[in-house]
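> Input: one structure, supplied below.
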Amino acid sequence: MSIDVNNVSKSFITKDKDFTAVKDINLHVDDGEFICLLGPSGCGKTTLLRMIGGLETPDSGEIYADGNLVEGPSKDRGFIFQQYSLFPWLNVLDNVTFGLNITENDKKEENIQAAERYLDRVGLSDFKYSYPHELSGGMKQRVAIVRSLLNHTPILLMDEPFSAVDMQNRHSLQEQLLGVWKRFETTIVFVTHDVDEAVFLADKIVIMDKNPGRIQQIVEVDLPRIRKRDSKEFLDLLEYVESLLGVWED
Amino acid sequence: MDVKNKFLPFILPIIILIVWYLITEQLHLIPYYVLPSPVDVLSAAYKIIINGSLLKNTVDTLIKVFLGIGLASLIAIPLGIVLGWSRTLERFCSLIISILRPVPPIAWIPFAILWFGIGLSSAVFVIFLGCVFTVLVYTIDGVRRTDKVLVESAQTLGASDWDVLTKVIWPSSIPYIVSGLKVGVSIGLMCTISSEMIASTSGLGYMILTASQLFDPGTTVIGILVIGVIGIAFDFVFRRIQERIFW
């Protein structure tokens with residue numbers, strides 16, 4: 001599913017003043033593309049992602065998913081939050097079937113079978129009866145991703161999902177995510193402030209600037225996957241993107 | 001260490017019992033009608049257990065507590081969810097809730113008698129007023145404290161407003177509602193005893209008051225002890241429930 005962001009602006013009214021989160025954003029994401037929104041804190045990347053998800057409304061401009069105007073949250077735009085977002089009173093199996101049990105309520109048995117298959121694939125089958133408080137941070141995010149995928153979401157919006165995970169686990173989660181993205185041909189918009197993560201994952205890196213938040217530059221990444229972090233091409237690109245970020249890192 | 005801890009709470013009551021026995025039954029320092037001796041209490045207990053009045057009055061009191069708290073929950077929990085959901089409605093009702101909430105429920109007894117007469121309904125009415133605001137305020141709080149991320153997660157998984165209410169906000173408020181019920185029940189028990197003393201012809205409160213008028217202080221002591229035991233029992237049950245709610 002493609003995404004179109006047309007002339008979108010958004011401000012927030014805080015106590016002392018209006019804060020312009022993003023201004024005049026135009027962005028096109030192709031069906032099946034992996035996009036990273038990269039920028040410093042306060043550049044509005046999360047706000048932009050939340051607007052695509054329908055969790056915030058733009059002040060002006062429109063957002064379209066597959067040609068349809070975004071007017072609120074939908075199961076077609078799965079969202080992975082930075083904070084852990086599993087339902088603490090449900091075990092892993094009930095968490096991942098939450099969406100399916102709403103949309104396909106009459107097929108509870110099949111939903112459970114599908115969930116077990118998916119959990120098996122990401123190595124969580126031993127934890128299907130565990131509760132969120134018994135899981136590590138990385139496992140919680142994997143469960144959250146399975147929960148969205150199981151819901152047949154064509155678009156996955158991810159807001160710094162691995163930022164609370166230690167580096168070693170983060171790298172393995174990134175590789176798993178690429179596997180999932182390839183297999184399901186999901187369109188992914190992934191917010192991060194980690195240059196390495198963006199260069200490793202994205203087809204295109206959308207670099208954002210702050211005050212007000214807007215798109216500074218879009219960098220295409222042509223390197224074949226799985227990308228080697230120690231290859232010259234990877235390191236060159238990393239340096240290049242860092243130099244672009246350095247412009248506003250005073 | 002473990003054994004010591006287990007028996008520690010029982011030491012003080014045993015000491016009190018011995019001192020009580022000595023100053024009343026042995027040394028006769030205090031006359032019977034001021035403080036009955038443990039032996040008097042036992043014989044009073046024997047009498048009211050045998051003639052069934054203790055059981056009857058205890059059951060009467062419990063029925064009132066359950067009716068009152070049940071009625072209060074029936075009103076307060078749905079209303080609390082609605083008021084927690086809508087800021088506007090909550091503002092609309094906020095002043096009346098803040099005014100009525102601190103009023104001791106006993107203050108309603110004159111109206112209770114006027115509207116419902118002496119008996120079960122007026123006691124239930126007073127107990128209802130005693131716990132309805134507590135349960136209401138805890139429920140509103142529980143709904144308010146629902147993690148926004150959980151609501152948004154559900155919405156991006158295709159949940160309607162009704163799904164969000166029943167599958168996210170409701171389970172997430174349960175721990176607060178249970179806390180509200182726990183406080184509500186203890187208030188309810190107090191209201192029950194007081195209203196039985198004034199506006200009822202049955203129950204432990206009525207039994208305590210009648211006994212004192214009949215110079216039967218042994219029965220009064222039994223009434224007090226049974227109320228204490230009921231309190232402990234409620235506390236135990238709620239603690240068990242709260243242990244099972246782990247989120």
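Note on naming: chains are A, B, ... as they come in the structure tokens, residues start from 1 per chain, ligands start from 1 in the order shown.
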Please provide the set of residues having any atom within 8 Å of region 139-146 of chain B, restricted to only C-alpha atoms, with same-chain residues fewer than 4 positions apart removed, written as a list of chain:residue names.

B:Ala76, B:Ile77, B:Gly80, B:Ile81, B:Leu83, B:Gly84, B:Trp85, B:Val135, B:Leu150, B:Val151, B:Val168, B:Ile169, B:Trp170, B:Ser172, B:Ser173, B:Ile174, B:Pro175, B:Tyr176, B:Ile177, B:Gly180

> Based on only C-alpha atoms, which of the residues in chain B come within 8 Å of chain A? I want them as a list in words.

Val149, Leu150, Glu152, Ser153, Ala154, Gln155, Thr156, Leu157, Gly158, Ala159, Asp163, Val168, Pro171, Ser172, Phe246 and Trp247 of chain B

> What's the 10 Å shell around Val199 (chain A), counting only C-alpha atoms, without same-chain residues fewer than 3 positions away, as a PyMOL selection string?

chain A and resi 36+38+194-196+202-205+219-223+227+229+234-235+237-238+241

> Could you pull out all residues of region 13-174 of chain A with a DSSP call of helix (DSSP H, G or I) and give them as a ChimeraX atom specification?

/A:45-52,92-96,98-103,105-121,125-127,132-134,137-150,167-174

> Quick one: residues within 12 Å of Ser186 (chain B), only C-alpha atoms, excluding same-chain residues fewer than 5 positions away - as a PyMOL selection string?

chain B and resi 62+65-66+68-69+127+130-131+134-135+179-181+191-193+227-228+230-235+238

> Show which residues sit within 9 Å of Ile226 (chain A), as a list in words. Count only C-alpha atoms, and ignore same-chain residues fewer than 4 positions away.

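Residues near the query, excluding close chain neighbours: Glu175, Leu178, Phe200 and Leu201 of chain A.
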
> Would you mind exporting all heavy atoms of the selected residues as a CSV table (one decimal), in the first residue's frame?


```csv
chain,number,residue,atom,x,y,z
A,175,GLU,N,17.4,-7.4,11.8
A,175,GLU,CA,17.5,-8.5,10.8
A,175,GLU,C,16.2,-9.2,10.7
A,175,GLU,O,15.7,-9.5,9.6
A,175,GLU,CB,18.6,-9.4,11.1
A,175,GLU,CG,20.0,-8.8,10.8
A,175,GLU,CD,21.2,-9.7,11.0
A,175,GLU,OE1,21.0,-11.0,10.9
A,175,GLU,OE2,22.2,-9.2,11.3
A,178,LEU,N,13.7,-7.1,8.8
A,178,LEU,CA,13.9,-7.2,7.3
A,178,LEU,C,13.3,-8.5,6.8
A,178,LEU,O,12.7,-8.4,5.7
A,178,LEU,CB,15.4,-7.1,7.0
A,178,LEU,CG,16.0,-5.7,7.2
A,178,LEU,CD1,17.5,-5.7,7.0
A,178,LEU,CD2,15.4,-4.6,6.3
A,200,PHE,N,21.1,0.8,7.8
A,200,PHE,CA,21.0,-0.7,7.8
A,200,PHE,C,19.7,-1.1,7.2
A,200,PHE,O,19.6,-2.1,6.5
A,200,PHE,CB,21.2,-1.3,9.2
A,200,PHE,CG,21.2,-2.8,9.2
A,200,PHE,CD1,22.4,-3.5,8.8
A,200,PHE,CD2,20.1,-3.5,9.6
A,200,PHE,CE1,22.4,-4.8,8.8
A,200,PHE,CE2,20.1,-4.9,9.6
A,200,PHE,CZ,21.3,-5.6,9.2
A,201,LEU,N,18.6,-0.4,7.5
A,201,LEU,CA,17.3,-0.8,7.2
A,201,LEU,C,16.7,-0.3,5.9
A,201,LEU,O,16.0,-1.0,5.1
A,201,LEU,CB,16.3,-0.5,8.3
A,201,LEU,CG,16.5,-1.2,9.7
A,201,LEU,CD1,15.5,-0.6,10.7
A,201,LEU,CD2,16.2,-2.7,9.5
```

> One decimal, Å: what's the distance from CA of Val206 (chain A) over to CA of His28 (chain A), could you say?

10.7 Å

> Just give me the gap between CA of Leu12 (chain B) and CA of Ala45 (chain B) in Å, one decimal is fine.

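So the answer is 22.3 Å.
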
> Nearest to Pro102 (chain B): which of B:Phe128, B:Phe133, B:Lys6, B:Arg244 is it, counting only C-alpha atoms?

B:Phe133

> Counting only C-alpha atoms, what is within 7 Å of Tyr129 (chain A), bar same-chain residues fewer than 5 positions away, as a PyMOL selection string?

chain A and resi 91-93

> Within 9 Å of Leu54 (chain B), counting only C-alpha atoms, which residues show up once you throw out same-chain ones fewer than 3 positions away? Write them as a list in words, please.

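Once the nearby chain positions are removed, what remains is Ala45, Ile48, Ile49, Ile50, Asn51, Asn57, Thr58, Val59, Gly203, Leu204, Met207, Ile222 and Gly223 of chain B.
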
> What separation in Å, quoted to one decimal, exists between CA of Phe215 (chain B) and CA of Val19 (chain B)?

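These atoms are spaced 23.0 Å apart.
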
> I'd like to know which of A:Lys45, A:Arg50, A:Lys108, A:Lys17 is closest to His193 (chain A), using only C-alpha atoms.

A:Lys45
